[in-house]
file my_file_6.cif (mmCIF, C-alpha atoms)
data_data
loop_
_atom_site.label_atom_id
_atom_site.label_comp_id
_atom_site.auth_asym_id
_atom_site.auth_seq_id
_atom_site.Cartn_x
_atom_site.Cartn_y
_atom_site.Cartn_z
CA MET A 1 0.08 -10.70 3.35
CA THR A 2 -1.32 -10.95 6.87
CA ASP A 3 -0.18 -13.45 9.49
CA GLU A 4 -3.51 -15.21 9.11
CA VAL A 5 -2.98 -15.83 5.41
CA GLY A 6 0.62 -16.82 6.07
CA ARG A 7 -0.59 -19.51 8.48
CA VAL A 8 -3.07 -20.89 5.93
CA PHE A 9 -0.42 -20.99 3.20
CA ALA A 10 2.16 -22.52 5.52
CA ALA A 11 -0.29 -25.17 6.72
CA LEU A 12 -1.11 -26.16 3.16
CA ALA A 13 2.47 -26.07 1.90
CA ASP A 14 2.99 -29.53 3.42
CA PRO A 15 1.92 -32.42 1.14
CA THR A 16 0.68 -34.60 4.01
CA ARG A 17 -1.53 -31.84 5.32
CA ARG A 18 -2.87 -31.25 1.81
CA GLN A 19 -3.74 -34.96 1.67
CA MET A 20 -5.61 -34.58 4.94
CA VAL A 21 -7.58 -31.64 3.58
CA GLN A 22 -8.31 -33.65 0.45
CA ALA A 23 -9.61 -36.51 2.61
CA LEU A 24 -11.84 -34.07 4.46
CA LEU A 25 -13.15 -32.68 1.19
CA ARG A 26 -14.00 -36.21 0.12
CA ASP A 27 -15.32 -37.64 3.40
CA ARG A 28 -16.49 -34.43 5.16
CA THR A 29 -15.24 -35.65 8.55
CA THR A 30 -12.28 -37.62 9.81
CA THR A 31 -10.60 -38.86 12.97
CA VAL A 32 -7.04 -39.59 14.05
CA PRO A 33 -7.48 -43.40 13.65
CA VAL A 34 -8.99 -43.04 10.15
CA LEU A 35 -6.12 -40.83 8.99
CA THR A 36 -3.51 -43.02 10.66
CA ALA A 37 -4.89 -46.01 8.76
CA SER A 38 -4.78 -44.25 5.41
CA LEU A 39 -1.46 -42.37 5.65
CA PRO A 40 2.07 -43.79 6.02
CA ILE A 41 2.74 -41.83 9.22
CA THR A 42 2.35 -42.43 12.93
CA ARG A 43 -0.64 -41.52 15.05
CA GLN A 44 1.48 -38.88 16.76
CA ALA A 45 2.40 -37.33 13.42
CA VAL A 46 -1.25 -37.31 12.36
CA ALA A 47 -2.23 -35.55 15.58
CA LYS A 48 0.52 -32.96 15.07
CA HIS A 49 -0.55 -32.20 11.51
CA LEU A 50 -4.19 -31.89 12.63
CA SER A 51 -3.09 -29.45 15.30
CA THR A 52 -1.31 -27.33 12.64
CA LEU A 53 -4.43 -27.32 10.44
CA ASP A 54 -6.50 -26.37 13.48
CA SER A 55 -4.17 -23.48 14.39
CA ALA A 56 -4.39 -22.20 10.81
CA GLY A 57 -8.17 -22.15 11.14
CA LEU A 58 -8.67 -24.72 8.40
CA ILE A 59 -10.37 -27.42 10.47
CA GLU A 60 -12.38 -27.65 13.67
CA ARG A 61 -13.76 -30.31 15.99
CA ALA A 62 -17.22 -31.36 14.92
CA PRO A 63 -19.83 -30.93 17.67
CA GLY A 64 -21.30 -34.02 19.25
CA SER A 65 -18.19 -36.11 18.73
CA GLY A 66 -18.21 -39.32 20.67
CA ARG A 67 -15.20 -40.67 22.51
CA GLU A 68 -13.04 -40.17 19.40
CA VAL A 69 -12.70 -36.54 18.32
CA THR A 70 -14.14 -35.92 14.85
CA TYR A 71 -12.72 -33.15 12.68
CA ARG A 72 -14.27 -31.26 9.79
CA LEU A 73 -13.33 -28.35 7.54
CA ARG A 74 -14.12 -24.97 9.00
CA SER A 75 -16.54 -22.89 6.99
CA GLY A 76 -14.83 -19.87 5.42
CA ALA A 77 -11.38 -21.27 6.14
CA LEU A 78 -10.06 -20.13 2.78
CA GLY A 79 -11.37 -16.59 3.22
CA PRO A 80 -7.92 -15.14 4.04
CA ALA A 81 -6.39 -16.80 0.98
CA VAL A 82 -9.14 -15.45 -1.25
CA ALA A 83 -8.50 -12.02 0.28
CA TRP A 84 -4.81 -12.37 -0.63
CA ILE A 85 -5.80 -12.90 -4.25
CA ARG A 86 -7.98 -9.81 -4.27
CA ASP A 87 -5.19 -7.76 -2.67
CA ALA A 88 -2.59 -9.07 -5.13
CA GLU A 89 -4.84 -8.16 -8.07
CA SER A 90 -5.37 -4.57 -6.96
CA ALA A 91 -1.69 -4.19 -6.00
CA TRP A 92 -0.62 -5.22 -9.53
CA GLU A 93 -3.10 -2.85 -11.11
CA GLU A 94 -1.49 0.00 -9.19
CA ARG A 95 2.07 -1.17 -9.88
CA LEU A 96 1.44 -1.57 -13.60
CA ALA A 97 -0.14 1.90 -13.79
CA ARG A 98 3.01 3.32 -12.14
CA LEU A 99 5.23 1.28 -14.49
CA LYS A 100 3.35 2.65 -17.51
CA ASP A 101 3.78 6.21 -16.21
CA ALA A 102 7.46 5.73 -15.49
CA VAL A 103 8.28 4.26 -18.91
CA GLU A 104 6.13 6.65 -20.97
CA ARG A 105 7.44 9.72 -19.17
CA PRO A 106 11.16 9.20 -18.76
CA LEU A 107 13.07 11.43 -16.38
CA MET B 1 -4.31 -19.62 -8.17
CA PRO B 2 -2.16 -17.25 -10.13
CA VAL B 3 -3.10 -13.60 -10.27
CA THR B 4 -2.68 -12.07 -13.74
CA ARG B 5 -2.86 -8.44 -14.77
CA GLU B 6 -1.71 -6.61 -17.91
CA VAL B 7 -1.11 -3.11 -19.21
CA ASP B 8 -0.28 -1.61 -22.60
CA VAL B 9 2.66 0.76 -22.58
CA GLU B 10 3.57 3.16 -25.38
CA ALA B 11 7.23 2.23 -25.46
CA THR B 12 9.48 -0.44 -26.90
CA ARG B 13 10.05 -3.74 -25.15
CA GLU B 14 13.65 -2.66 -24.50
CA GLU B 15 12.46 0.46 -22.69
CA VAL B 16 10.04 -1.53 -20.52
CA TRP B 17 12.74 -4.14 -19.91
CA GLU B 18 15.06 -1.51 -18.43
CA ALA B 19 12.36 -0.54 -15.94
CA LEU B 20 12.03 -4.18 -14.82
CA VAL B 21 15.60 -5.43 -14.58
CA THR B 22 17.51 -2.45 -13.23
CA GLU B 23 17.19 -1.34 -9.63
CA GLU B 24 17.10 2.25 -10.80
CA GLY B 25 14.19 1.42 -13.14
CA ARG B 26 12.26 -0.48 -10.48
CA ASP B 27 12.69 2.34 -7.96
CA ARG B 28 10.42 4.47 -10.14
CA TRP B 29 7.36 2.21 -9.88
CA LEU B 30 7.72 -0.81 -7.58
CA GLU B 31 7.80 0.98 -4.22
CA GLU B 32 8.42 -2.19 -2.21
CA PRO B 33 12.08 -2.12 -1.17
CA GLU B 34 11.41 -4.40 1.82
CA ARG B 35 10.78 -7.44 -0.38
CA GLU B 36 13.85 -9.22 -1.63
CA ILE B 37 13.96 -10.10 -5.34
CA ARG B 38 15.67 -13.31 -6.47
CA VAL B 39 15.80 -13.54 -10.25
CA GLU B 40 15.06 -16.98 -11.69
CA LEU B 41 14.99 -16.38 -15.43
CA VAL B 42 16.15 -13.64 -17.77
CA ASP B 43 15.14 -13.87 -21.43
CA GLU B 44 15.78 -10.36 -22.74
CA PRO B 45 13.60 -8.54 -23.73
CA GLN B 46 10.55 -10.77 -23.50
CA ARG B 47 10.42 -12.78 -20.29
CA LEU B 48 11.57 -12.19 -16.72
CA VAL B 49 10.84 -14.33 -13.68
CA TRP B 50 11.67 -13.44 -10.12
CA TRP B 51 10.85 -14.78 -6.67
CA TRP B 52 9.67 -12.38 -4.02
CA GLU B 53 10.65 -13.11 -0.47
CA ALA B 54 9.82 -11.47 2.81
CA ASP B 55 10.01 -12.57 6.44
CA ASP B 56 7.38 -15.08 7.57
CA GLN B 57 5.72 -15.32 4.18
CA PRO B 58 5.77 -18.05 1.59
CA PRO B 59 7.75 -16.93 -1.48
CA THR B 60 5.72 -15.81 -4.46
CA ARG B 61 6.77 -16.21 -8.09
CA VAL B 62 6.37 -13.21 -10.38
CA GLU B 63 6.56 -13.62 -14.15
CA PHE B 64 6.63 -10.77 -16.68
CA LEU B 65 5.93 -11.28 -20.37
CA LEU B 66 6.64 -8.40 -22.75
CA VAL B 67 4.70 -8.72 -25.99
CA ALA B 68 5.48 -6.43 -28.94
CA MET B 69 2.31 -4.69 -30.12
CA PRO B 70 1.73 -2.43 -33.16
CA ARG B 71 1.84 0.65 -30.88
CA GLY B 72 4.05 -0.35 -28.04
CA THR B 73 4.38 -3.20 -25.57
CA ARG B 74 1.89 -5.30 -23.66
CA VAL B 75 3.15 -6.18 -20.18
CA VAL B 76 1.55 -9.30 -18.69
CA VAL B 77 2.39 -10.08 -15.08
CA THR B 78 1.47 -13.24 -13.21
CA GLU B 79 2.03 -13.72 -9.47
CA SER B 80 1.53 -17.10 -7.84
CA ILE B 81 2.28 -19.02 -4.67
CA PRO B 82 3.48 -22.35 -6.06
CA SER B 83 3.41 -24.10 -2.68
CA PHE B 84 -0.30 -23.55 -2.44
CA PRO B 85 -2.67 -24.92 -5.10
CA ILE B 86 -5.39 -22.51 -4.12
CA ALA B 87 -7.61 -22.97 -7.15
CA MET B 88 -8.08 -26.66 -6.48
CA LEU B 89 -8.80 -26.14 -2.80
CA ALA B 90 -11.02 -23.13 -3.28
CA SER B 91 -13.22 -24.91 -5.80
CA SER B 92 -13.41 -27.95 -3.54
CA PHE B 93 -14.39 -25.80 -0.58
CA ALA B 94 -17.07 -24.13 -2.64
CA ARG B 95 -18.47 -27.58 -3.40
CA VAL B 96 -18.40 -28.67 0.22
CA LEU B 97 -20.02 -25.49 1.48
CA ALA B 98 -22.69 -25.35 -1.21
#

call {"tool": "encode", "arguments": {"input": "my_file_6.cif", "output": "structure tokens"}}
result
Amino acid sequence: MTDEVGRVFAALADPTRRQMVQALLRDRTTTVPVLTASLPITRQAVAKHLSTLDSAGLIERAPGSGREVTYRLRSGALGPAVAWIRDAESAWEERLARLKDAVERPL
Amino acid sequence: MPVTREVDVEATREEVWEALVTEEGRDRWLEEPEREIRVELVDEPQRLVWWWEADDQPPTRVEFLLVAMPRGTRVVVTESIPSFPIAMLASSFARVLA
């Protein structure tokens, strides 16, 4: 697993951040005040979670934001996670082939 | 999203089981000594669950099912990252980006 995938998984391991992503999936964009109003956490906590999602490459600032910064999901953000799945599938194919060999041809 | 793969082995479940639960057996096929295995469930000789841990990575859960077949054993392995409901998010992203 690469660092990039690790960051995506770590960012989404937190239930509050998953709620934020869910809100973005539903509403397409969001702001700190909107999230603060809908979640039982402080404005500072909202900003910190958004910063974590941003660092993981999951969200970005929408262009043309007014005074209040607007966030949206970043296109292709789940690419690394999808790549992990592909890697895990091919890794297990190889491992199971070796397991079969080892068991069918004992030392 | 769990990843599932399977293979049919011409051997008894007990023979396959030995290759999964003993370090000596695993050394012959796993080839990943850097990942620490923490066993969660042992139901000999049909079901084994372990957690895989490595530095800076979320733990993954690996489940083996050994199914007796007419000519051997079917090994079904499923690896997942329980902290990350990827299927839900991936399908949602696909919808958003469509």

call {"tool": "interface_residues", "arguments": {"input": "my_file_6.cif", "of": "chain A", "to": "chain B", "cutoff": "6 Å", "atoms": "all atoms listed in the file", "output": "PyMOL selection string"}}
result
chain A and resi 6+13+98-100

call {"tool": "residues_around", "arguments": {"input": "my_file_6.cif", "residues": "Arg38 of chain B", "least_positions_apart": "3", "cutoff": "7 Å", "atoms": "only C-alpha atoms", "output": "short mmCIF file (atom, residue, chain, number, x, y, z; two decimals) with C-alpha atoms, in the frame of the given file"}}
result
data_model
loop_
_atom_site.label_atom_id
_atom_site.label_comp_id
_atom_site.auth_asym_id
_atom_site.auth_seq_id
_atom_site.Cartn_x
_atom_site.Cartn_y
_atom_site.Cartn_z
CA TRP B 50 11.67 -13.44 -10.12
CA TRP B 51 10.85 -14.78 -6.67
CA TRP B 52 9.67 -12.38 -4.02
#

call {"tool": "atom_distance", "arguments": {"input": "my_file_6.cif", "atom1": "atom CA of Val39 of chain B", "atom2": "atom CA of Glu94 of chain A"}}
result
22.0 Å

call {"tool": "residues_around", "arguments": {"input": "my_file_6.cif", "residues": "segment 48-55 of chain A", "least_positions_apart": "4", "cutoff": "8 Å", "atoms": "all atoms listed in the file", "output": "list in words"}}
result
Arg7, Val8, Ala11, Thr16, Arg17, Gln44, Ile59 and Glu60 of chain A

call {"tool": "atom_distance", "arguments": {"input": "my_file_6.cif", "atom1": "atom CA of Glu34 of chain B", "atom2": "atom CA of Leu66 of chain B"}}
result
25.3 Å

call {"tool": "resolve_selection", "arguments": {"input": "my_file_6.cif", "expression": "the PyMOL selection byres ((chain A and resi 70-83) around 9)", "output": "PDB file with C-alpha atoms, in the coordinates of the input"}}
result
ATOM      1  CA  THR A   2      -1.320 -10.950   6.870  1.00  0.00           C
ATOM      2  CA  GLU A   4      -3.510 -15.210   9.110  1.00  0.00           C
ATOM      3  CA  VAL A   5      -2.980 -15.830   5.410  1.00  0.00           C
ATOM      4  CA  GLY A   6       0.620 -16.820   6.070  1.00  0.00           C
ATOM      5  CA  VAL A   8      -3.070 -20.890   5.930  1.00  0.00           C
ATOM      6  CA  PHE A   9      -0.420 -20.990   3.200  1.00  0.00           C
ATOM      7  CA  VAL A  21      -7.580 -31.640   3.580  1.00  0.00           C
ATOM      8  CA  LEU A  24     -11.840 -34.070   4.460  1.00  0.00           C
ATOM      9  CA  LEU A  25     -13.150 -32.680   1.190  1.00  0.00           C
ATOM     10  CA  ARG A  28     -16.490 -34.430   5.160  1.00  0.00           C
ATOM     11  CA  THR A  29     -15.240 -35.650   8.550  1.00  0.00           C
ATOM     12  CA  THR A  30     -12.280 -37.620   9.810  1.00  0.00           C
ATOM     13  CA  THR A  31     -10.600 -38.860  12.970  1.00  0.00           C
ATOM     14  CA  VAL A  32      -7.040 -39.590  14.050  1.00  0.00           C
ATOM     15  CA  LEU A  50      -4.190 -31.890  12.630  1.00  0.00           C
ATOM     16  CA  ASP A  54      -6.500 -26.370  13.480  1.00  0.00           C
ATOM     17  CA  ALA A  56      -4.390 -22.200  10.810  1.00  0.00           C
ATOM     18  CA  GLY A  57      -8.170 -22.150  11.140  1.00  0.00           C
ATOM     19  CA  LEU A  58      -8.670 -24.720   8.400  1.00  0.00           C
ATOM     20  CA  ILE A  59     -10.370 -27.420  10.470  1.00  0.00           C
ATOM     21  CA  GLU A  60     -12.380 -27.650  13.670  1.00  0.00           C
ATOM     22  CA  ARG A  61     -13.760 -30.310  15.990  1.00  0.00           C
ATOM     23  CA  ALA A  62     -17.220 -31.360  14.920  1.00  0.00           C
ATOM     24  CA  PRO A  63     -19.830 -30.930  17.670  1.00  0.00           C
ATOM     25  CA  GLY A  64     -21.300 -34.020  19.250  1.00  0.00           C
ATOM     26  CA  SER A  65     -18.190 -36.110  18.730  1.00  0.00           C
ATOM     27  CA  GLY A  66     -18.210 -39.320  20.670  1.00  0.00           C
ATOM     28  CA  GLU A  68     -13.040 -40.170  19.400  1.00  0.00           C
ATOM     29  CA  VAL A  69     -12.700 -36.540  18.320  1.00  0.00           C
ATOM     30  CA  TRP A  84      -4.810 -12.370  -0.630  1.00  0.00           C
ATOM     31  CA  ILE A  85      -5.800 -12.900  -4.250  1.00  0.00           C
ATOM     32  CA  ARG A  86      -7.980  -9.810  -4.270  1.00  0.00           C
ATOM     33  CA  ASP A  87      -5.190  -7.760  -2.670  1.00  0.00           C
ATOM     34  CA  ALA A  88      -2.590  -9.070  -5.130  1.00  0.00           C
TER      35      ALA A  88
ATOM     36  CA  ILE B  86      -5.390 -22.510  -4.120  1.00  0.00           C
ATOM     37  CA  LEU B  89      -8.800 -26.140  -2.800  1.00  0.00           C
ATOM     38  CA  ALA B  90     -11.020 -23.130  -3.280  1.00  0.00           C
ATOM     39  CA  PHE B  93     -14.390 -25.800  -0.580  1.00  0.00           C
ATOM     40  CA  VAL B  96     -18.400 -28.670   0.220  1.00  0.00           C
ATOM     41  CA  LEU B  97     -20.020 -25.490   1.480  1.00  0.00           C
TER      42      LEU B  97
END

call {"tool": "atom_distance", "arguments": {"input": "my_file_6.cif", "atom1": "atom CA of Pro70 of chain B", "atom2": "atom CA of Glu40 of chain B"}}
result
29.2 Å

call {"tool": "closest_residue", "arguments": {"input": "my_file_6.cif", "among": "B:Thr22, B:Glu32, B:Leu41, B:Ala68", "to": "Glu53 of chain B", "atoms": "all atoms listed in the file"}}
result
B:Glu32

call {"tool": "resolve_selection", "arguments": {"input": "my_file_6.cif", "expression": "the PyMOL selection byres ((chain B and resi 46) around 8)", "output": "ChimeraX atom specification"}}
result
/B:13,17,43-45,47-48,64-67

call {"tool": "axis_aligned_box", "arguments": {"input": "my_file_6.cif", "around": "segment 12-17 of chain B", "padding_each_side": "6 Å", "output": "lines of an AutoDock Vina configuration file"}}
result
center_x = 11.6
center_y = -1.8
center_z = -23.4
size_x = 16.2
size_y = 16.6
size_z = 19.0

call {"tool": "decode", "arguments": {"input": "my_file_6.cif", "residues": "segment 66-85 of chain B", "atoms": "N, CA and C atoms", "output": "PDB file, in the first residue's frame"}}
result
ATOM      1  N   LEU B  66     -12.122 -22.877   3.994  1.00  0.00           N
ATOM      2  CA  LEU B  66     -11.704 -24.109   3.333  1.00  0.00           C
ATOM      3  C   LEU B  66     -12.941 -24.975   3.133  1.00  0.00           C
ATOM      4  N   VAL B  67     -13.288 -25.207   1.873  1.00  0.00           N
ATOM      5  CA  VAL B  67     -14.498 -25.950   1.549  1.00  0.00           C
ATOM      6  C   VAL B  67     -14.102 -27.305   0.968  1.00  0.00           C
ATOM      7  N   ALA B  68     -14.614 -28.391   1.571  1.00  0.00           N
ATOM      8  CA  ALA B  68     -14.316 -29.729   1.060  1.00  0.00           C
ATOM      9  C   ALA B  68     -15.015 -29.926  -0.279  1.00  0.00           C
ATOM     10  N   MET B  69     -14.242 -30.345  -1.279  1.00  0.00           N
ATOM     11  CA  MET B  69     -14.770 -30.599  -2.612  1.00  0.00           C
ATOM     12  C   MET B  69     -14.582 -32.081  -2.925  1.00  0.00           C
ATOM     13  N   PRO B  70     -15.279 -32.589  -3.975  1.00  0.00           N
ATOM     14  CA  PRO B  70     -15.108 -34.015  -4.315  1.00  0.00           C
ATOM     15  C   PRO B  70     -13.636 -34.382  -4.541  1.00  0.00           C
ATOM     16  N   ARG B  71     -12.855 -33.456  -5.149  1.00  0.00           N
ATOM     17  CA  ARG B  71     -11.459 -33.800  -5.448  1.00  0.00           C
ATOM     18  C   ARG B  71     -10.483 -32.847  -4.785  1.00  0.00           C
ATOM     19  N   GLY B  72     -10.743 -32.530  -3.547  1.00  0.00           N
ATOM     20  CA  GLY B  72      -9.780 -31.688  -2.857  1.00  0.00           C
ATOM     21  C   GLY B  72     -10.437 -30.614  -2.016  1.00  0.00           C
ATOM     22  N   THR B  73      -9.839 -29.425  -2.035  1.00  0.00           N
ATOM     23  CA  THR B  73     -10.294 -28.345  -1.159  1.00  0.00           C
ATOM     24  C   THR B  73     -10.352 -27.045  -1.941  1.00  0.00           C
ATOM     25  N   ARG B  74     -11.443 -26.322  -1.776  1.00  0.00           N
ATOM     26  CA  ARG B  74     -11.514 -24.973  -2.346  1.00  0.00           C
ATOM     27  C   ARG B  74     -11.118 -23.979  -1.261  1.00  0.00           C
ATOM     28  N   VAL B  75     -10.140 -23.142  -1.570  1.00  0.00           N
ATOM     29  CA  VAL B  75      -9.677 -22.119  -0.629  1.00  0.00           C
ATOM     30  C   VAL B  75     -10.227 -20.778  -1.096  1.00  0.00           C
ATOM     31  N   VAL B  76     -11.042 -20.147  -0.249  1.00  0.00           N
ATOM     32  CA  VAL B  76     -11.607 -18.840  -0.587  1.00  0.00           C
ATOM     33  C   VAL B  76     -11.018 -17.818   0.385  1.00  0.00           C
ATOM     34  N   VAL B  77     -10.360 -16.819  -0.153  1.00  0.00           N
ATOM     35  CA  VAL B  77      -9.762 -15.795   0.723  1.00  0.00           C
ATOM     36  C   VAL B  77     -10.409 -14.447   0.444  1.00  0.00           C
ATOM     37  N   THR B  78     -10.663 -13.724   1.525  1.00  0.00           N
ATOM     38  CA  THR B  78     -11.265 -12.396   1.411  1.00  0.00           C
ATOM     39  C   THR B  78     -10.429 -11.420   2.237  1.00  0.00           C
ATOM     40  N   GLU B  79      -9.954 -10.351   1.602  1.00  0.00           N
ATOM     41  CA  GLU B  79      -9.210  -9.325   2.338  1.00  0.00           C
ATOM     42  C   GLU B  79     -10.007  -8.026   2.296  1.00  0.00           C
ATOM     43  N   SER B  80     -10.130  -7.381   3.448  1.00  0.00           N
ATOM     44  CA  SER B  80     -10.893  -6.130   3.484  1.00  0.00           C
ATOM     45  C   SER B  80     -10.238  -5.140   4.442  1.00  0.00           C
ATOM     46  N   ILE B  81     -10.613  -3.883   4.281  1.00  0.00           N
ATOM     47  CA  ILE B  81     -10.169  -2.828   5.187  1.00  0.00           C
ATOM     48  C   ILE B  81     -11.432  -2.330   5.878  1.00  0.00           C
ATOM     49  N   PRO B  82     -11.754  -2.899   7.041  1.00  0.00           N
ATOM     50  CA  PRO B  82     -13.057  -2.602   7.661  1.00  0.00           C
ATOM     51  C   PRO B  82     -13.264  -1.134   7.988  1.00  0.00           C
ATOM     52  N   SER B  83     -12.173  -0.381   8.196  1.00  0.00           N
ATOM     53  CA  SER B  83     -12.352   1.021   8.566  1.00  0.00           C
ATOM     54  C   SER B  83     -12.758   1.872   7.374  1.00  0.00           C
ATOM     55  N   PHE B  84     -12.800   1.272   6.212  1.00  0.00           N
ATOM     56  CA  PHE B  84     -13.012   2.073   5.017  1.00  0.00           C
ATOM     57  C   PHE B  84     -14.077   1.445   4.122  1.00  0.00           C
ATOM     58  N   PRO B  85     -15.304   1.949   4.177  1.00  0.00           N
ATOM     59  CA  PRO B  85     -16.376   1.366   3.353  1.00  0.00           C
ATOM     60  C   PRO B  85     -16.257   1.813   1.904  1.00  0.00           C
TER      61      PRO B  85
END
